[in-house]
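To start, the structure itself, in structure tokens.
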Amino acid sequence: MFTGIIKEVGIVRNILKKPGKTEVEIYCSICSEEIKEGSSIAIDGACLTVTEKGKSSFKVDIVEETLKKTTFSKIKINDRVNIELPLKLSERFDGHIVQGHIDGTGKILKKKNLEGSTLITIKLSEEMIPYIVEKGSICIDGISLTIANIEKEDITVSLIPYTLQNTSIGTKKVGDSVNIELDIIGKYVNKVLTSQKEKINKNFLKETGFL
């Protein structure tokens with residue numbers, strides 16, 4: 001499990017396409033001592049497994065399904081990626097519950113610089129909207145953020161200078177894609193409400209004496 005609090009921004013050092021997967025080598029400095037082969041790690045929000053560990057870099061394999069569903073389909077050497085290590089039981093819980101299971105991608109529509117913050121508007125797919133609530137949590141490229149505004153399929157998040165400087169989202173441009181993981185609580189609530197709605201039909205009303 002992750003929390004959407006980025007530990008370090010890594011740099012893609014090498015990309016090697018293999019049958020059914022793509023091997024990516026990522027340079028890091030802060031996280032290097034904590035990373036172990038076989039351990040889980042979140043890269044731009046996607047939970048991956050460390051397959052090989054070097055002195056100041058590590059490798060992960062990205063399978064075809066993940067490539068199709070994430071921004072990794074367009075990953076390039078020298079790309080900056082957000083890195084988060086799994087939450088330890090002894091650590092304080094910041095951010096929100098993040099599984100590392102990407103639901104899809106969104107596209108940056110606009111960026112607006114304000115005094116002390118930057119607003120970023122992102123277009124989501126229609127399928128994501130039922131799980132979105134204003135002031136609720138969302139994970140964008142692995143970063144735990146709060147939704148400031150919703151307008152149809154567009155959401156706006158507010159970023160403070162620290163987040164812009166210490167994650168890869170600060171270098172993202174209008175038109176760039178980002179990984180999206182919806183809030184798991186929103187998913188559960190939507191599932192419960194949908195299940196209840198399906199149960200309340202004409203036959204149900206007859207059986208319970210309402211018709």
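Chain labels A, B, ... are given in the sequence in which chains occur in the structure tokens; within each chain residues are numbered consecutively from 1, and ligands are likewise numbered from 1 in the order shown.
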Note to self: Can you tell me, as a PyMOL selection string, which residues in region 82-195 of chain A count as strand (DSSP E) by DSSP?
What the structure shows: chain A and resi 82-84+104-114+117-123+137-140+143-151+154-159+177-182
Could you write those residues out with N, CA and C atoms, as a CSV table (one decimal), in the first residue's frame?
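Produced file result_27.csv, reproduced below:
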```csv
chain,number,residue,atom,x,y,z
A,82,ASN,N,7.9,9.9,-10.8
A,82,ASN,CA,7.8,9.9,-9.3
A,82,ASN,C,8.0,8.5,-8.7
A,83,ILE,N,8.7,8.5,-7.6
A,83,ILE,CA,9.0,7.2,-6.9
A,83,ILE,C,8.4,7.3,-5.5
A,84,GLU,N,7.7,6.2,-5.1
A,84,GLU,CA,7.2,6.1,-3.7
A,84,GLU,C,7.5,4.7,-3.3
A,104,GLY,N,-6.6,4.5,-15.4
A,104,GLY,CA,-6.5,5.1,-16.7
A,104,GLY,C,-5.7,6.4,-16.7
A,105,THR,N,-5.8,7.1,-17.8
A,105,THR,CA,-5.0,8.4,-17.9
A,105,THR,C,-5.9,9.6,-18.1
A,106,GLY,N,-5.4,10.7,-17.8
A,106,GLY,CA,-6.1,12.0,-18.1
A,106,GLY,C,-5.2,12.9,-18.8
A,107,LYS,N,-5.7,13.9,-19.4
A,107,LYS,CA,-4.9,14.9,-20.2
A,107,LYS,C,-5.0,16.3,-19.6
A,108,ILE,N,-3.8,16.9,-19.4
A,108,ILE,CA,-3.7,18.2,-18.9
A,108,ILE,C,-4.3,19.2,-19.9
A,109,LEU,N,-5.3,20.0,-19.5
A,109,LEU,CA,-6.0,20.9,-20.4
A,109,LEU,C,-5.4,22.3,-20.2
A,110,LYS,N,-5.1,22.7,-19.0
A,110,LYS,CA,-4.5,24.0,-18.7
A,110,LYS,C,-3.9,24.1,-17.4
A,111,LYS,N,-2.9,25.0,-17.3
A,111,LYS,CA,-2.2,25.3,-16.0
A,111,LYS,C,-2.3,26.8,-15.8
A,112,LYS,N,-2.7,27.2,-14.6
A,112,LYS,CA,-2.8,28.6,-14.2
A,112,LYS,C,-2.0,28.9,-12.9
A,113,ASN,N,-1.1,29.8,-13.1
A,113,ASN,CA,-0.2,30.1,-11.9
A,113,ASN,C,-0.9,31.2,-11.1
A,114,LEU,N,-1.0,31.0,-9.8
A,114,LEU,CA,-1.6,31.9,-8.9
A,114,LEU,C,-0.5,32.3,-7.9
A,117,SER,N,0.3,29.2,-5.5
A,117,SER,CA,-0.2,27.8,-6.0
A,117,SER,C,-0.3,27.8,-7.5
A,118,THR,N,-0.5,26.7,-8.0
A,118,THR,CA,-0.8,26.5,-9.5
A,118,THR,C,-2.0,25.6,-9.6
A,119,LEU,N,-2.9,26.0,-10.5
A,119,LEU,CA,-4.1,25.2,-10.7
A,119,LEU,C,-3.9,24.4,-12.0
A,120,ILE,N,-4.2,23.1,-12.0
A,120,ILE,CA,-4.0,22.3,-13.2
A,120,ILE,C,-5.4,21.6,-13.4
A,121,THR,N,-5.9,21.8,-14.6
A,121,THR,CA,-7.2,21.2,-15.0
A,121,THR,C,-6.9,20.0,-15.9
A,122,ILE,N,-7.5,18.9,-15.6
A,122,ILE,CA,-7.2,17.6,-16.3
A,122,ILE,C,-8.6,17.0,-16.8
A,123,LYS,N,-8.6,16.6,-18.0
A,123,LYS,CA,-9.8,15.9,-18.6
A,123,LYS,C,-9.7,14.4,-18.3
A,137,SER,N,-10.2,12.9,-2.6
A,137,SER,CA,-8.9,12.6,-3.0
A,137,SER,C,-8.8,11.9,-4.4
A,138,ILE,N,-7.6,12.2,-5.0
A,138,ILE,CA,-7.3,11.5,-6.3
A,138,ILE,C,-5.8,11.4,-6.4
A,139,CYS,N,-5.3,10.4,-7.0
A,139,CYS,CA,-3.9,10.1,-7.2
A,139,CYS,C,-3.5,10.4,-8.7
A,140,ILE,N,-2.7,11.4,-8.9
A,140,ILE,CA,-2.3,11.8,-10.2
A,140,ILE,C,-0.7,11.6,-10.3
A,143,ILE,N,0.8,11.1,-7.1
A,143,ILE,CA,0.7,12.2,-6.1
A,143,ILE,C,-0.7,12.2,-5.5
A,144,SER,N,-0.8,12.2,-4.2
A,144,SER,CA,-2.1,12.4,-3.5
A,144,SER,C,-2.5,13.8,-3.5
A,145,LEU,N,-3.6,14.1,-4.2
A,145,LEU,CA,-4.1,15.5,-4.4
A,145,LEU,C,-5.6,15.6,-4.0
A,146,THR,N,-6.0,16.8,-3.8
A,146,THR,CA,-7.4,17.0,-3.5
A,146,THR,C,-8.1,17.7,-4.6
A,147,ILE,N,-9.3,17.3,-5.0
A,147,ILE,CA,-10.0,17.8,-6.1
A,147,ILE,C,-10.6,19.2,-5.7
A,148,ALA,N,-10.2,20.2,-6.4
A,148,ALA,CA,-10.7,21.6,-6.0
A,148,ALA,C,-12.0,21.9,-6.7
A,149,ASN,N,-12.2,21.4,-7.9
A,149,ASN,CA,-13.4,21.7,-8.7
A,149,ASN,C,-13.6,20.6,-9.8
A,150,ILE,N,-14.9,20.4,-10.1
A,150,ILE,CA,-15.3,19.5,-11.1
A,150,ILE,C,-16.3,20.2,-12.0
A,151,GLU,N,-16.0,20.0,-13.3
A,151,GLU,CA,-16.9,20.6,-14.3
A,151,GLU,C,-17.0,19.6,-15.5
A,154,ASP,N,-14.0,17.4,-16.5
A,154,ASP,CA,-12.8,18.1,-16.2
A,154,ASP,C,-12.6,18.3,-14.7
A,155,ILE,N,-11.5,18.0,-14.1
A,155,ILE,CA,-11.2,18.3,-12.7
A,155,ILE,C,-10.1,19.3,-12.6
A,156,THR,N,-10.1,20.0,-11.5
A,156,THR,CA,-9.0,21.0,-11.2
A,156,THR,C,-8.4,20.7,-9.9
A,157,VAL,N,-7.1,20.6,-9.8
A,157,VAL,CA,-6.4,20.4,-8.6
A,157,VAL,C,-5.4,21.6,-8.3
A,158,SER,N,-5.2,21.9,-7.1
A,158,SER,CA,-4.3,23.0,-6.7
A,158,SER,C,-3.0,22.4,-6.2
A,159,LEU,N,-1.9,22.9,-6.7
A,159,LEU,CA,-0.5,22.4,-6.3
A,159,LEU,C,0.3,23.5,-5.7
A,177,SER,N,-0.1,13.6,-20.8
A,177,SER,CA,-1.0,12.7,-20.1
A,177,SER,C,-0.5,12.4,-18.8
A,178,VAL,N,-1.4,12.0,-17.9
A,178,VAL,CA,-1.0,11.7,-16.5
A,178,VAL,C,-1.7,10.4,-16.1
A,179,ASN,N,-1.1,9.6,-15.2
A,179,ASN,CA,-1.8,8.4,-14.7
A,179,ASN,C,-2.8,8.8,-13.6
A,180,ILE,N,-3.9,8.1,-13.6
A,180,ILE,CA,-5.0,8.4,-12.6
A,180,ILE,C,-5.3,7.2,-11.9
A,181,GLU,N,-5.3,7.3,-10.5
A,181,GLU,CA,-5.9,6.3,-9.7
A,181,GLU,C,-7.0,6.9,-8.9
A,182,LEU,N,-8.2,6.4,-9.0
A,182,LEU,CA,-9.4,6.9,-8.3
A,182,LEU,C,-9.3,6.5,-6.8
```
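Excluding Gly116 (chain A) itself and same-chain residues fewer than 6 positions from it, the residues having an atom within 12 Å of it are Ser158, Leu159, Ile160, Pro161, Tyr162, Thr163 and Leu164 of chain A, counting only C-alpha atoms.
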Output C-alpha atoms for every residue in the selection just made, as a PDB file, in the first residue's frame.
```
ATOM      1  CA  SER A 158      -4.278  22.985  -6.723  1.00  0.00           C
ATOM      2  CA  LEU A 159      -0.538  22.437  -6.339  1.00  0.00           C
ATOM      3  CA  ILE A 160       1.717  24.210  -3.865  1.00  0.00           C
ATOM      4  CA  PRO A 161       5.297  25.159  -4.866  1.00  0.00           C
ATOM      5  CA  TYR A 162       6.771  22.272  -2.826  1.00  0.00           C
ATOM      6  CA  THR A 163       4.801  19.689  -4.848  1.00  0.00           C
ATOM      7  CA  LEU A 164       5.745  21.336  -8.129  1.00  0.00           C
TER       8      LEU A 164
END
```
Checklist line | Closest of A:Lys173, A:Tyr131, A:Ser168, A:Gly54 to Gly186 (chain A) - atom-to-atom distances counting only C-alpha atoms | finding: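 Result for the nearest residue to Gly186 (chain A): A:Tyr131.
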Check: Restricting the calculation to only C-alpha atoms, which member of A:Pro19, A:Gly142, A:Pro130, A:Pro86 is positioned closest to Ile6 (chain A)?
Finding: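 Comparing A:Pro19, A:Gly142, A:Pro130, A:Pro86 against Ile6 (chain A), the winner is A:Gly142.
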Could you list, as a PDB file with C-alpha atoms, in the first residue's frame, every residue within 12 Å of Phe93 (chain A), counting only C-alpha atoms and ignoring same-chain residues fewer than 3 positions away?
```pdb
ATOM      1  CA  MET A   1       0.000   0.000   0.000  1.00  0.00           C
ATOM      2  CA  PHE A   2       1.070   3.561  -0.742  1.00  0.00           C
ATOM      3  CA  THR A   3      -0.099   7.008   0.341  1.00  0.00           C
ATOM      4  CA  GLY A   4       0.681   9.279  -2.603  1.00  0.00           C
ATOM      5  CA  ILE A   5       3.581  11.037  -0.869  1.00  0.00           C
ATOM      6  CA  PRO A  86       5.490   1.061   0.197  1.00  0.00           C
ATOM      7  CA  LEU A  87       4.131   2.327   3.500  1.00  0.00           C
ATOM      8  CA  LYS A  88       5.707   0.812   6.610  1.00  0.00           C
ATOM      9  CA  LEU A  89       3.539   0.091   9.634  1.00  0.00           C
ATOM     10  CA  SER A  90       5.856   2.222  11.762  1.00  0.00           C
ATOM     11  CA  HIS A  96      -4.633   8.850   1.307  1.00  0.00           C
ATOM     12  CA  ILE A  97      -4.880   5.112   0.608  1.00  0.00           C
ATOM     13  CA  VAL A  98      -3.250   4.382  -2.764  1.00  0.00           C
TER      14      VAL A  98
END
```
Next item on the list: Would you mind reading off the distance between CA of Leu16 (chain A) and CA of Ser56 (chain A), one decimal, in Å?
Entry: 18.4 Å
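In this structure, CA of Ile26 (chain A) sits 24.3 Å away from CA of Gly95 (chain A).
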Note to self: Just the number, please: distance in Å from CA of Arg13 (chain A) to CA of Lys76 (chain A), one decimal.
What the structure shows: 8.9 Å
Next item on the list: Using only C-alpha atoms, pick whichever of A:Glu8, A:Glu25, A:Asp183, A:Glu65 has the shortest atom-to-atom distance to Lys135 (chain A).
Entry: A:Asp183
Notebook entry, point to check: Between A:Val192, A:Ile102, A:Leu85, A:Ile41, which one has atoms that come closest to Thr70 (chain A), using only C-alpha atoms?
Noted result: A:Ile102
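Residue nearest Lys74 (chain A), chosen from A:Phe58, A:Ile15, A:Thr49, A:Arg92 and counting only C-alpha atoms: A:Ile15.
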Margin query: Can you tell me which residues surround Ile75 (chain A) at a distance of at most 9 Å, considering only C-alpha atoms, apart from same-chain residues fewer than 3 positions away, and format the answer as number ranges by chain?
Written below: A: 12, 15, 71-72, 79
With a distance cut-off of 6 Å and only C-alpha atoms, select the neighbouring residues of Gly100 (chain A), excluding the residue or stretch itself and same-chain residues fewer than 6 positions from it, and output the selection as a PDB file with N, CA and C atoms, in the first residue's frame.
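Contents of out.pdb, freshly written:
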```
ATOM      1  N   GLY A  45       2.803   6.317  -9.807  1.00  0.00           N
ATOM      2  CA  GLY A  45       1.549   5.802  -9.274  1.00  0.00           C
ATOM      3  C   GLY A  45       1.268   4.345  -9.549  1.00  0.00           C
ATOM      4  N   ALA A  46       2.023   3.709 -10.427  1.00  0.00           N
ATOM      5  CA  ALA A  46       1.795   2.303 -10.770  1.00  0.00           C
ATOM      6  C   ALA A  46       2.666   1.400  -9.909  1.00  0.00           C
ATOM      7  N   CYS A  47       2.056   0.424  -9.270  1.00  0.00           N
ATOM      8  CA  CYS A  47       2.798  -0.511  -8.430  1.00  0.00           C
ATOM      9  C   CYS A  47       3.524  -1.529  -9.309  1.00  0.00           C
TER      10      CYS A  47
END
```
Check: Where in chain A does DSSP assign alpha helix (DSSP H), given as an NGL selection string?
Finding: :A and (64-69 or 161-166 or 184-199 or 202-207)
Margin query: From the options A:Ser29, A:Leu67, A:Glu115, A:Val24, which residue's atoms come nearest to Val50 (chain A), counting only C-alpha atoms?
Written below: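 Ranked by minimum distance to Val50 (chain A), first place goes to A:Val24.
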